[in-house]
Amino acid sequence: MTQAAVVENKDFTEVEVFEMVARYAELRDQAAWYESFQKSVGSTIKDWLGRHGGMLQDSERGTTARLQIRTGSPELDVPAIAMKEPGLLINLARNGCLKLDFQAFKEAATLYASTKRYLVPGKTTAALVVTTRADEQRRAALPQK
């Protein structure tokens with residue numbers, strides 16, 4: 001099975017799909033390991049660069065590592081708007097501009113209880129779930145709750 005065949009999205013046989021499922025599980029596990037390793041190595045490199053000037057160049061390999069300072073997106077002071085300009089807050093909400101921190105909302109139990117009638121179901125999506133024997137063995141080895 002080639003990537004080109006998969007991209008072509010022909011009508012696969014059951015045997016071919018079984019092969020894809022097995023390969024998918026292998027790639028998922030490898031990707032998870034590589035992602036974890038990359039984060040660990042990246043953290044080590046960032047720490048080192050932070051202590052040693054923020055930049056490292058390897059002319060032989062043509063590689064540069066540097067720290068780039070980034071500023072996050074601005075945040076809206078919703079409580080201040082609610083106090084000073086409640087009409088503006090209502091307009092923002094009506095136009096779909098506000099997102100709710102659902103966890104904080106649930107923790108504010110009285111607010112949650114009084115507005116529960118306005119909750120609507122979230123979007124429905126379909127997730128691909130592939131489970132292997134190795135997954136089951138790892139799950140079985142975890143401490144039971």
# chains A, B, ... in the order shown; residues from 1 in each chain; ligands from 1

$ residues_around --residues "stretch 126-140 of chain A" --least-positions-apart "2" --cutoff "9 Å" --atoms "only C-alpha atoms" --output "list in words"
Val21, Ala22, Tyr24, Ala25, Thr124, Leu142, Pro143 and Gln144 of chain A

$ write_last_selection --atoms "N, CA and C atoms" --output "PDB file, in the first residue's frame"
ATOM      1  N   VAL A  21      -5.262  -0.088   8.643  1.00  0.00           N
ATOM      2  CA  VAL A  21      -5.525   0.068  10.075  1.00  0.00           C
ATOM      3  C   VAL A  21      -4.279  -0.310  10.874  1.00  0.00           C
ATOM      4  N   ALA A  22      -3.636  -1.426  10.503  1.00  0.00           N
ATOM      5  CA  ALA A  22      -2.413  -1.844  11.210  1.00  0.00           C
ATOM      6  C   ALA A  22      -1.318  -0.797  11.057  1.00  0.00           C
ATOM      7  N   TYR A  24      -1.739   2.373  10.339  1.00  0.00           N
ATOM      8  CA  TYR A  24      -2.193   3.570  11.053  1.00  0.00           C
ATOM      9  C   TYR A  24      -1.825   3.473  12.528  1.00  0.00           C
ATOM     10  N   ALA A  25      -2.084   2.328  13.145  1.00  0.00           N
ATOM     11  CA  ALA A  25      -1.773   2.146  14.567  1.00  0.00           C
ATOM     12  C   ALA A  25      -0.269   2.268  14.811  1.00  0.00           C
ATOM     13  N   THR A 124     -21.436  17.386  16.755  1.00  0.00           N
ATOM     14  CA  THR A 124     -21.190  15.945  16.696  1.00  0.00           C
ATOM     15  C   THR A 124     -20.159  15.687  15.609  1.00  0.00           C
ATOM     16  N   LEU A 142      -2.208  -0.107  33.691  1.00  0.00           N
ATOM     17  CA  LEU A 142      -2.423   1.142  34.451  1.00  0.00           C
ATOM     18  C   LEU A 142      -3.127   0.828  35.769  1.00  0.00           C
ATOM     19  N   PRO A 143      -2.829   1.605  36.815  1.00  0.00           N
ATOM     20  CA  PRO A 143      -3.520   1.405  38.086  1.00  0.00           C
ATOM     21  C   PRO A 143      -5.033   1.646  37.909  1.00  0.00           C
ATOM     22  N   GLN A 144      -5.827   0.796  38.481  1.00  0.00           N
ATOM     23  CA  GLN A 144      -7.287   0.922  38.371  1.00  0.00           C
ATOM     24  C   GLN A 144      -7.787   1.989  39.322  1.00  0.00           C
TER      25      GLN A 144
END

$ select_by_dssp --residues "stretch 71-138 of chain A" --states "alpha helix (DSSP H)" --output "NGL selection string"
:A and (78-84 or 86-94 or 102-107 or 109-115 or 133-138)

$ write_last_selection --atoms "N, CA and C atoms" --output "compact mmCIF listing (two decimals), in the first residue's frame"
# COMPACT_ATOMS: atom_id res chain seq x y z
N VAL A 78 -13.64 40.76 29.94
CA VAL A 78 -15.10 40.61 29.92
C VAL A 78 -15.74 41.14 31.20
N PRO A 79 -15.21 40.85 32.40
CA PRO A 79 -15.84 41.40 33.61
C PRO A 79 -15.89 42.94 33.60
N ALA A 80 -14.84 43.59 33.09
CA ALA A 80 -14.84 45.06 33.03
C ALA A 80 -15.91 45.56 32.06
N ILE A 81 -16.04 44.89 30.92
CA ILE A 81 -17.07 45.29 29.96
C ILE A 81 -18.46 45.09 30.58
N ALA A 82 -18.64 43.98 31.28
CA ALA A 82 -19.94 43.71 31.91
C ALA A 82 -20.31 44.80 32.90
N MET A 83 -19.32 45.31 33.62
CA MET A 83 -19.58 46.36 34.61
C MET A 83 -19.78 47.73 33.95
N LYS A 84 -18.92 48.05 32.96
CA LYS A 84 -18.93 49.40 32.39
C LYS A 84 -19.84 49.56 31.18
N PRO A 86 -22.47 47.00 29.64
CA PRO A 86 -23.18 45.72 29.46
C PRO A 86 -23.81 45.57 28.07
N GLY A 87 -24.21 46.67 27.46
CA GLY A 87 -24.77 46.61 26.11
C GLY A 87 -23.76 46.09 25.10
N LEU A 88 -22.52 46.52 25.24
CA LEU A 88 -21.45 46.06 24.36
C LEU A 88 -21.25 44.56 24.54
N LEU A 89 -21.29 44.11 25.78
CA LEU A 89 -21.13 42.68 26.06
C LEU A 89 -22.26 41.88 25.40
N ILE A 90 -23.47 42.40 25.48
CA ILE A 90 -24.62 41.73 24.86
C ILE A 90 -24.43 41.66 23.34
N ASN A 91 -23.99 42.75 22.74
CA ASN A 91 -23.74 42.75 21.29
C ASN A 91 -22.65 41.76 20.90
N LEU A 92 -21.60 41.70 21.70
CA LEU A 92 -20.53 40.73 21.43
C LEU A 92 -21.09 39.31 21.47
N ALA A 93 -21.90 39.02 22.48
CA ALA A 93 -22.48 37.69 22.62
C ALA A 93 -23.42 37.37 21.46
N ARG A 94 -24.26 38.32 21.10
CA ARG A 94 -25.21 38.11 19.99
C ARG A 94 -24.50 37.85 18.67
N PHE A 102 -15.80 26.68 29.69
CA PHE A 102 -16.82 25.80 30.23
C PHE A 102 -16.44 25.23 31.59
N GLN A 103 -15.17 24.94 31.79
CA GLN A 103 -14.74 24.40 33.08
C GLN A 103 -14.96 25.43 34.19
N ALA A 104 -14.58 26.68 33.95
CA ALA A 104 -14.80 27.74 34.95
C ALA A 104 -16.30 27.94 35.17
N PHE A 105 -17.07 27.84 34.09
CA PHE A 105 -18.51 27.98 34.17
C PHE A 105 -19.12 26.90 35.07
N LYS A 106 -18.67 25.67 34.88
CA LYS A 106 -19.19 24.57 35.71
C LYS A 106 -18.79 24.74 37.17
N GLU A 107 -17.61 25.30 37.40
CA GLU A 107 -17.13 25.49 38.77
C GLU A 107 -17.91 26.60 39.49
N ALA A 109 -20.93 27.08 40.33
CA ALA A 109 -22.12 26.22 40.38
C ALA A 109 -23.44 26.98 40.30
N THR A 110 -23.54 28.12 40.97
CA THR A 110 -24.82 28.84 40.97
C THR A 110 -25.11 29.39 39.58
N LEU A 111 -24.08 29.89 38.89
CA LEU A 111 -24.27 30.36 37.52
C LEU A 111 -24.65 29.20 36.60
N TYR A 112 -23.99 28.10 36.80
CA TYR A 112 -24.25 26.91 35.98
C TYR A 112 -25.69 26.46 36.16
N ALA A 113 -26.14 26.38 37.40
CA ALA A 113 -27.50 25.92 37.68
C ALA A 113 -28.55 26.86 37.09
N SER A 114 -28.32 28.16 37.20
CA SER A 114 -29.34 29.11 36.74
C SER A 114 -29.35 29.26 35.22
N THR A 115 -28.30 28.85 34.54
CA THR A 115 -28.27 29.00 33.08
C THR A 115 -28.26 27.65 32.36
N ARG A 133 -3.60 -4.72 20.44
CA ARG A 133 -3.32 -5.52 21.64
C ARG A 133 -2.38 -4.77 22.58
N ALA A 134 -1.40 -4.08 21.99
CA ALA A 134 -0.45 -3.31 22.80
C ALA A 134 -1.17 -2.21 23.58
N ASP A 135 -2.17 -1.57 22.94
CA ASP A 135 -2.97 -0.56 23.65
C ASP A 135 -3.68 -1.19 24.84
N GLU A 136 -4.30 -2.34 24.60
CA GLU A 136 -5.04 -3.03 25.66
C GLU A 136 -4.11 -3.44 26.80
N GLN A 137 -2.92 -3.92 26.45
CA GLN A 137 -1.95 -4.32 27.48
C GLN A 137 -1.49 -3.12 28.29
N ARG A 138 -1.24 -2.00 27.63
CA ARG A 138 -0.85 -0.78 28.36
C ARG A 138 -1.97 -0.33 29.28

$ residues_around --residues "stretch 67-72 of chain A" --least-positions-apart "3" --cutoff "10 Å" --atoms "only C-alpha atoms" --output "list in words"
Ile45, Lys46, Asp47, Leu49, Gly50, Gly53, Gly54, Met55, Leu56 and Glu75 of chain A

$ write_last_selection --atoms "C-alpha atoms" --output "CSV table (one decimal), in the first residue's frame"
chain,number,residue,atom,x,y,z
A,45,ILE,CA,17.5,23.2,23.8
A,46,LYS,CA,15.3,26.2,24.8
A,47,ASP,CA,16.7,26.0,28.4
A,49,LEU,CA,19.7,28.7,24.6
A,50,GLY,CA,18.1,30.8,27.4
A,53,GLY,CA,22.6,34.0,24.5
A,54,GLY,CA,19.5,32.7,22.7
A,55,MET,CA,21.2,31.5,19.5
A,56,LEU,CA,23.2,28.7,18.2
A,75,GLU,CA,-7.5,39.0,25.8

$ atom_distance --atom1 "atom CA of A:Thr64" --atom2 "atom CA of A:Thr44"
15.4 Å

$ atom_distance --atom1 "atom CA of A:Leu76" --atom2 "atom CA of A:Asn95"
15.1 Å

$ closest_residue --among "A:Glu16, A:Asp77, A:Asp58, A:Asp29" --to "A:Leu98" --atoms "only C-alpha atoms"
A:Asp77

$ select_by_dssp --residues "stretch 51-98 of chain A" --states "strand (DSSP E)" --output "list in words"
Met55, Leu56, Gln57, Asp58, Thr63, Thr64, Ala65 and Arg66 of chain A

$ atom_distance --atom1 "atom CA of A:Ala5" --atom2 "atom CA of A:Arg23"
14.0 Å
